[in-house]
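Structure first, commentary second.
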Amino acid sequence: QVQLVESGGGLVQAGGSLRLSCAASGPSSTYAMGWFRQAPGKEREFVLAISWSGRRVYYADSVKGRFTISRDSAKNTVYLQMNNLKPEDTAVYYCAAKYSTDVYYTPRQQYEYDYWGQGTQVTVSS
């Protein structure tokens, strides 16, 4: 069983930046990692994903050029760097993990993931 813990959320003004972290604990293996978000009254949506090797990253169009994802395998941690934040980025952000041996696999659907974190709130004020 893998446990995922997000941190780094908070309140920021439009145009500002935040970095979210997702720390994984449990059996060591190869996992593709993803970030999703859910705004009030809306469905959870895909933000971006990184393959277990780090060789491929897939971004939602809404965050291209503003958000980046990276991973530190030694620390079992994935980071979501969010720049030029907009009020519409306000949401609870969730990280997720999918066991995979495919170096390029970047799952984009919720059902593809095996494990989920509890979420961290990001609020962007205008």
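Following the order of the structure tokens, chains are lettered A, B, ..., residues in each are numbered from 1, and ligands are numbered from 1.
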Within 12 Å of region 36-40 of chain A, which residues of region 55-108 of chain A come that close, and what is the closest atom pair and distance in Å for each? Count only C-alpha atoms and give it as JSON lines.
```
{"residue": "A:Tyr59", "atom": "CA", "partner": "A:Phe36", "partner_atom": "CA", "distance": 10.8}
{"residue": "A:Ala60", "atom": "CA", "partner": "A:Phe36", "partner_atom": "CA", "distance": 9.9}
{"residue": "A:Ser62", "atom": "CA", "partner": "A:Arg37", "partner_atom": "CA", "distance": 11.9}
{"residue": "A:Val63", "atom": "CA", "partner": "A:Phe36", "partner_atom": "CA", "distance": 11.5}
{"residue": "A:Leu80", "atom": "CA", "partner": "A:Phe36", "partner_atom": "CA", "distance": 10.7}
{"residue": "A:Pro87", "atom": "CA", "partner": "A:Ala39", "partner_atom": "CA", "distance": 10.6}
{"residue": "A:Glu88", "atom": "CA", "partner": "A:Ala39", "partner_atom": "CA", "distance": 8.3}
{"residue": "A:Asp89", "atom": "CA", "partner": "A:Ala39", "partner_atom": "CA", "distance": 8.0}
{"residue": "A:Thr90", "atom": "CA", "partner": "A:Ala39", "partner_atom": "CA", "distance": 6.3}
{"residue": "A:Ala91", "atom": "CA", "partner": "A:Ala39", "partner_atom": "CA", "distance": 4.1}
{"residue": "A:Val92", "atom": "CA", "partner": "A:Gln38", "partner_atom": "CA", "distance": 5.3}
{"residue": "A:Tyr93", "atom": "CA", "partner": "A:Arg37", "partner_atom": "CA", "distance": 4.3}
{"residue": "A:Tyr94", "atom": "CA", "partner": "A:Phe36", "partner_atom": "CA", "distance": 5.1}
{"residue": "A:Cys95", "atom": "CA", "partner": "A:Phe36", "partner_atom": "CA", "distance": 6.3}
{"residue": "A:Ala96", "atom": "CA", "partner": "A:Phe36", "partner_atom": "CA", "distance": 7.8}
{"residue": "A:Ala97", "atom": "CA", "partner": "A:Phe36", "partner_atom": "CA", "distance": 11.1}
{"residue": "A:Pro107", "atom": "CA", "partner": "A:Phe36", "partner_atom": "CA", "distance": 11.2}
{"residue": "A:Arg108", "atom": "CA", "partner": "A:Phe36", "partner_atom": "CA", "distance": 9.1}
```
Requested write-out: N, CA and C atoms of the selected residues, as a short mmCIF file (atom, residue, chain, number, x, y, z; two decimals), in the first residue's frame:
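The resulting selection36.cif:
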```
data_model
loop_
_atom_site.label_atom_id
_atom_site.label_comp_id
_atom_site.auth_asym_id
_atom_site.auth_seq_id
_atom_site.Cartn_x
_atom_site.Cartn_y
_atom_site.Cartn_z
N TYR A 59 0.80 17.68 -20.04
CA TYR A 59 0.15 18.81 -19.38
C TYR A 59 -1.25 19.03 -19.94
N ALA A 60 -2.17 19.42 -19.07
CA ALA A 60 -3.45 19.93 -19.55
C ALA A 60 -3.20 21.28 -20.22
N SER A 62 -4.73 23.97 -20.04
CA SER A 62 -4.98 25.11 -19.16
C SER A 62 -3.77 25.50 -18.33
N VAL A 63 -2.79 24.62 -18.20
CA VAL A 63 -1.64 24.92 -17.36
C VAL A 63 -0.32 24.94 -18.12
N LEU A 80 5.00 19.97 -7.83
CA LEU A 80 4.22 20.71 -8.81
C LEU A 80 4.52 22.18 -8.61
N PRO A 87 -7.00 33.15 -10.69
CA PRO A 87 -8.11 32.78 -9.80
C PRO A 87 -8.77 31.45 -10.20
N GLU A 88 -8.80 31.15 -11.48
CA GLU A 88 -9.42 29.90 -11.92
C GLU A 88 -8.59 28.67 -11.58
N ASP A 89 -7.40 28.86 -11.05
CA ASP A 89 -6.60 27.74 -10.57
C ASP A 89 -7.00 27.33 -9.15
N THR A 90 -7.87 28.11 -8.53
CA THR A 90 -8.32 27.79 -7.18
C THR A 90 -9.01 26.43 -7.17
N ALA A 91 -8.53 25.55 -6.30
CA ALA A 91 -9.06 24.19 -6.25
C ALA A 91 -8.34 23.42 -5.15
N VAL A 92 -8.86 22.24 -4.86
CA VAL A 92 -8.12 21.27 -4.06
C VAL A 92 -7.30 20.45 -5.04
N TYR A 93 -6.00 20.35 -4.77
CA TYR A 93 -5.09 19.64 -5.65
C TYR A 93 -4.75 18.29 -5.04
N TYR A 94 -4.86 17.26 -5.88
CA TYR A 94 -4.61 15.89 -5.45
C TYR A 94 -3.46 15.29 -6.27
N CYS A 95 -2.58 14.57 -5.59
CA CYS A 95 -1.62 13.79 -6.34
C CYS A 95 -2.08 12.34 -6.35
N ALA A 96 -1.61 11.61 -7.36
CA ALA A 96 -2.02 10.23 -7.53
C ALA A 96 -0.85 9.43 -8.10
N ALA A 97 -0.87 8.13 -7.84
CA ALA A 97 0.21 7.25 -8.28
C ALA A 97 -0.36 6.04 -9.01
N PRO A 107 -0.47 8.54 -17.36
CA PRO A 107 -1.93 8.39 -17.30
C PRO A 107 -2.63 9.72 -17.07
N ARG A 108 -3.75 9.91 -17.75
CA ARG A 108 -4.50 11.16 -17.69
C ARG A 108 -5.93 11.00 -17.19
#
```
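Counting only C-alpha atoms, Gly26 (chain A) has the following residues at most 10 Å away, ignoring those fewer than 6 positions along the same chain: Gln1, Val2, Gln3, Leu4 and Asn76 of chain A.
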Would you put the residues from that selection into a file with N, CA, C and O atoms, as a short mmCIF file (atom, residue, chain, number, x, y, z; two decimals), in the first residue's frame?
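The result, written out as again_31.cif:
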```cif
data_model
loop_
_atom_site.label_atom_id
_atom_site.label_comp_id
_atom_site.auth_asym_id
_atom_site.auth_seq_id
_atom_site.Cartn_x
_atom_site.Cartn_y
_atom_site.Cartn_z
N GLN A 1 0.84 -1.19 0.00
CA GLN A 1 0.00 0.00 0.00
C GLN A 1 0.88 1.25 0.00
O GLN A 1 1.80 1.36 0.80
N VAL A 2 0.59 2.16 -0.89
CA VAL A 2 1.34 3.41 -0.99
C VAL A 2 0.52 4.53 -0.37
O VAL A 2 -0.68 4.65 -0.61
N GLN A 3 1.17 5.33 0.44
CA GLN A 3 0.52 6.50 1.01
C GLN A 3 1.11 7.75 0.36
O GLN A 3 2.32 7.87 0.21
N LEU A 4 0.22 8.66 0.00
CA LEU A 4 0.62 9.91 -0.63
C LEU A 4 0.17 11.07 0.24
O LEU A 4 -0.99 11.12 0.66
N ASN A 76 11.45 10.09 -3.02
CA ASN A 76 10.09 9.61 -3.31
C ASN A 76 9.09 10.76 -3.28
O ASN A 76 7.99 10.62 -2.69
#
```
Write down as a PyMOL selection string the residues belonging to region 37-99 of chain A that are assigned strand (DSSP E) by DSSP computed on the backbone. chain A and resi 37-38+45-50+57-59+67-72+77-82+91-99
Find the distance between CA of Lys75 (chain A) and CA of Ala23 (chain A) and write it in Å to one decimal.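 CA of Lys75 (chain A) sits 7.7 Å away from CA of Ala23 (chain A).
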Residue neighbourhood Lys86 (chain A), 10 Å, only C-alpha atoms, exclusion window fewer than 3 positions, as a list of chain:residue names: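 Residues meeting the cut-off are A:Val12, A:Gln13, A:Ala14, A:Gly15, A:Gly16, A:Ser17, A:Arg66, A:Met82, A:Asn83, A:Asp89, A:Thr90, A:Thr123, A:Val124, A:Ser125, A:Ser126.
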Expected file: the selected residues, all heavy atoms, as an mmCIF file, in the first residue's frame:
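Okay, this is what ended up in part-v2.cif:
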```cif
data_model
loop_
_atom_site.group_PDB
_atom_site.id
_atom_site.type_symbol
_atom_site.label_atom_id
_atom_site.label_comp_id
_atom_site.auth_asym_id
_atom_site.auth_seq_id
_atom_site.Cartn_x
_atom_site.Cartn_y
_atom_site.Cartn_z
ATOM 1 N N VAL A 12 -2.602 32.647 -2.326
ATOM 2 C CA VAL A 12 -1.646 33.450 -3.076
ATOM 3 C C VAL A 12 -2.398 34.414 -3.970
ATOM 4 O O VAL A 12 -3.532 34.132 -4.388
ATOM 5 C CB VAL A 12 -0.705 32.537 -3.900
ATOM 6 C CG1 VAL A 12 -1.477 31.765 -4.953
ATOM 7 C CG2 VAL A 12 0.441 33.305 -4.516
ATOM 8 N N GLN A 13 -1.791 35.532 -4.266
ATOM 9 C CA GLN A 13 -2.414 36.496 -5.165
ATOM 10 C C GLN A 13 -2.211 36.076 -6.618
ATOM 11 O O GLN A 13 -1.250 35.363 -6.947
ATOM 12 C CB GLN A 13 -1.826 37.880 -4.951
ATOM 13 C CG GLN A 13 -2.232 38.534 -3.647
ATOM 14 C CD GLN A 13 -1.768 39.980 -3.553
ATOM 15 O OE1 GLN A 13 -0.763 40.351 -4.138
ATOM 16 N NE2 GLN A 13 -2.516 40.784 -2.811
ATOM 17 N N ALA A 14 -3.099 36.528 -7.456
ATOM 18 C CA ALA A 14 -2.970 36.246 -8.883
ATOM 19 C C ALA A 14 -1.603 36.719 -9.379
ATOM 20 O O ALA A 14 -1.133 37.793 -9.003
ATOM 21 C CB ALA A 14 -4.088 36.934 -9.656
ATOM 22 N N GLY A 15 -0.991 35.885 -10.208
ATOM 23 C CA GLY A 15 0.340 36.168 -10.705
ATOM 24 C C GLY A 15 1.451 35.582 -9.858
ATOM 25 O O GLY A 15 2.615 35.568 -10.268
ATOM 26 N N GLY A 16 1.087 35.096 -8.685
ATOM 27 C CA GLY A 16 2.076 34.526 -7.781
ATOM 28 C C GLY A 16 2.375 33.071 -8.084
ATOM 29 O O GLY A 16 1.896 32.499 -9.076
ATOM 30 N N SER A 17 3.193 32.473 -7.217
ATOM 31 C CA SER A 17 3.640 31.093 -7.412
ATOM 32 C C SER A 17 3.473 30.283 -6.138
ATOM 33 O O SER A 17 3.488 30.830 -5.026
ATOM 34 C CB SER A 17 5.121 31.070 -7.825
ATOM 35 O OG SER A 17 5.328 31.741 -9.047
ATOM 36 N N ARG A 66 2.777 27.361 -17.551
ATOM 37 C CA ARG A 66 2.708 27.935 -16.203
ATOM 38 C C ARG A 66 3.073 26.922 -15.121
ATOM 39 O O ARG A 66 3.682 27.278 -14.114
ATOM 40 C CB ARG A 66 1.298 28.474 -15.924
ATOM 41 C CG ARG A 66 0.834 29.531 -16.902
ATOM 42 C CD ARG A 66 -0.484 30.169 -16.465
ATOM 43 N NE ARG A 66 -1.564 29.193 -16.387
ATOM 44 C CZ ARG A 66 -2.270 28.952 -15.291
ATOM 45 N NH1 ARG A 66 -1.996 29.604 -14.166
ATOM 46 N NH2 ARG A 66 -3.249 28.053 -15.304
ATOM 47 N N MET A 82 3.863 25.833 -9.640
ATOM 48 C CA MET A 82 2.780 26.592 -10.274
ATOM 49 C C MET A 82 3.151 28.064 -10.306
ATOM 50 O O MET A 82 3.322 28.681 -9.243
ATOM 51 C CB MET A 82 1.470 26.387 -9.508
ATOM 52 C CG MET A 82 1.093 24.916 -9.324
ATOM 53 S SD MET A 82 -0.505 24.687 -8.527
ATOM 54 C CE MET A 82 -0.150 25.331 -6.903
ATOM 55 N N ASN A 83 3.292 28.600 -11.491
ATOM 56 C CA ASN A 83 3.649 30.004 -11.678
ATOM 57 C C ASN A 83 2.522 30.746 -12.366
ATOM 58 O O ASN A 83 1.651 30.134 -13.001
ATOM 59 C CB ASN A 83 4.928 30.110 -12.525
ATOM 60 C CG ASN A 83 6.122 29.449 -11.868
ATOM 61 O OD1 ASN A 83 6.273 29.477 -10.648
ATOM 62 N ND2 ASN A 83 6.976 28.863 -12.678
ATOM 63 N N ASP A 89 -7.397 28.863 -11.046
ATOM 64 C CA ASP A 89 -6.598 27.737 -10.572
ATOM 65 C C ASP A 89 -6.998 27.331 -9.152
ATOM 66 O O ASP A 89 -6.493 26.324 -8.627
ATOM 67 C CB ASP A 89 -5.107 28.081 -10.577
ATOM 68 C CG ASP A 89 -4.568 28.302 -11.983
ATOM 69 O OD1 ASP A 89 -4.932 27.517 -12.893
ATOM 70 O OD2 ASP A 89 -3.784 29.253 -12.166
ATOM 71 N N THR A 90 -7.866 28.110 -8.532
ATOM 72 C CA THR A 90 -8.321 27.786 -7.181
ATOM 73 C C THR A 90 -9.013 26.431 -7.169
ATOM 74 O O THR A 90 -9.954 26.194 -7.933
ATOM 75 C CB THR A 90 -9.289 28.872 -6.672
ATOM 76 O OG1 THR A 90 -8.568 30.099 -6.523
ATOM 77 C CG2 THR A 90 -9.888 28.480 -5.331
ATOM 78 N N THR A 123 -5.708 28.489 -3.108
ATOM 79 C CA THR A 123 -6.644 29.584 -3.336
ATOM 80 C C THR A 123 -5.887 30.755 -3.936
ATOM 81 O O THR A 123 -4.895 31.208 -3.366
ATOM 82 C CB THR A 123 -7.326 30.018 -2.037
ATOM 83 O OG1 THR A 123 -7.992 28.894 -1.447
ATOM 84 C CG2 THR A 123 -8.346 31.119 -2.304
ATOM 85 N N VAL A 124 -6.361 31.219 -5.083
ATOM 86 C CA VAL A 124 -5.728 32.334 -5.774
ATOM 87 C C VAL A 124 -6.694 33.515 -5.756
ATOM 88 O O VAL A 124 -7.807 33.426 -6.308
ATOM 89 C CB VAL A 124 -5.362 31.972 -7.224
ATOM 90 C CG1 VAL A 124 -4.611 33.124 -7.875
ATOM 91 C CG2 VAL A 124 -4.530 30.689 -7.257
ATOM 92 N N SER A 125 -6.282 34.592 -5.132
ATOM 93 C CA SER A 125 -7.130 35.773 -5.034
ATOM 94 C C SER A 125 -6.833 36.730 -6.187
ATOM 95 O O SER A 125 -5.711 36.831 -6.663
ATOM 96 C CB SER A 125 -6.907 36.475 -3.703
ATOM 97 O OG SER A 125 -5.572 36.932 -3.613
ATOM 98 N N SER A 126 -7.869 37.431 -6.598
ATOM 99 C CA SER A 126 -7.711 38.365 -7.724
ATOM 100 C C SER A 126 -7.314 39.749 -7.250
ATOM 101 O O SER A 126 -7.315 40.049 -6.075
ATOM 102 C CB SER A 126 -9.023 38.444 -8.507
ATOM 103 O OG SER A 126 -10.062 38.842 -7.653
#
```
Using only C-alpha atoms, which residues sit within 10 Å of Arg56 (chain A) once same-chain residues fewer than 5 positions away are excluded, as a PyMOL selection string? chain A and resi 32+49-51+103-106
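Closest approach to Leu48 (chain A) among A:Phe67, A:Trp116, A:Trp35, A:Tyr79: A:Trp35, based on only C-alpha atoms.
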Please report the interatomic distance between CA of Arg44 (chain A) and CA of Ser25 (chain A) in Å with one decimal. 23.9 Å
Spatial neighbours of Val78 (chain A), max dist 6 Å, only C-alpha atoms, sep filter under 3 positions, as an NGL selection string: :A and (21-22 or 70-71)
Could you take the residues named above and write them with N, CA, C and O atoms, as a PDB file, in the first residue's frame?
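As a result, part.pdb now contains:
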```
ATOM      1  N   SER A  21       4.089  19.713  -2.979  1.00  0.00           N
ATOM      2  CA  SER A  21       4.879  18.492  -2.875  1.00  0.00           C
ATOM      3  C   SER A  21       3.956  17.311  -2.633  1.00  0.00           C
ATOM      4  O   SER A  21       2.901  17.456  -2.006  1.00  0.00           O
ATOM      5  N   CYS A  22       4.366  16.168  -3.120  1.00  0.00           N
ATOM      6  CA  CYS A  22       3.632  14.931  -2.885  1.00  0.00           C
ATOM      7  C   CYS A  22       4.656  13.883  -2.474  1.00  0.00           C
ATOM      8  O   CYS A  22       5.461  13.438  -3.304  1.00  0.00           O
ATOM      9  N   SER A  70       8.078  17.796 -11.481  1.00  0.00           N
ATOM     10  CA  SER A  70       9.373  17.144 -11.400  1.00  0.00           C
ATOM     11  C   SER A  70       9.308  16.112 -10.300  1.00  0.00           C
ATOM     12  O   SER A  70       8.397  16.118  -9.474  1.00  0.00           O
ATOM     13  N   ARG A  71      10.283  15.221 -10.310  1.00  0.00           N
ATOM     14  CA  ARG A  71      10.298  14.203  -9.271  1.00  0.00           C
ATOM     15  C   ARG A  71      11.710  13.979  -8.775  1.00  0.00           C
ATOM     16  O   ARG A  71      12.670  14.051  -9.541  1.00  0.00           O
TER      17      ARG A  71
END
```
Report, in Å to a single decimal, how far apart CA of Tyr111 (chain A) and CA of Val57 (chain A) are.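 Atom-to-atom, CA of Val57 (chain A) to CA of Tyr111 (chain A), that is 18.5 Å.
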Measuring between only C-alpha atoms, which one of A:Ser29, A:Phe46, A:Lys64, A:Gly9 shows the shortest distance to Tyr99 (chain A)? A:Ser29
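Neighbouring residues of Thr101 (chain A) at 8 Å or closer, counting only C-alpha atoms and skipping chain neighbours under 6 positions away, are A:Thr30, A:Tyr31, A:Trp52.
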The selected residues should be written to file as a short mmCIF file (atom, residue, chain, number, x, y, z; two decimals), in the first residue's frame (atoms: N, CA and C atoms).
```cif
data_model
loop_
_atom_site.label_atom_id
_atom_site.label_comp_id
_atom_site.auth_asym_id
_atom_site.auth_seq_id
_atom_site.Cartn_x
_atom_site.Cartn_y
_atom_site.Cartn_z
N THR A 30 7.99 1.35 -9.16
CA THR A 30 7.99 2.36 -10.20
C THR A 30 6.56 2.84 -10.42
N TYR A 31 6.37 4.13 -10.24
CA TYR A 31 5.04 4.72 -10.33
C TYR A 31 5.03 5.94 -11.23
N TRP A 52 7.15 7.30 -14.75
CA TRP A 52 7.98 6.92 -13.61
C TRP A 52 9.44 7.25 -13.86
#
```
Could you pull out the helix (DSSP H, G or I) residues of chain A, going by DSSP on the backbone, and write them as number ranges by chain? A: 61-63, 73-75, 87-89, 110-112
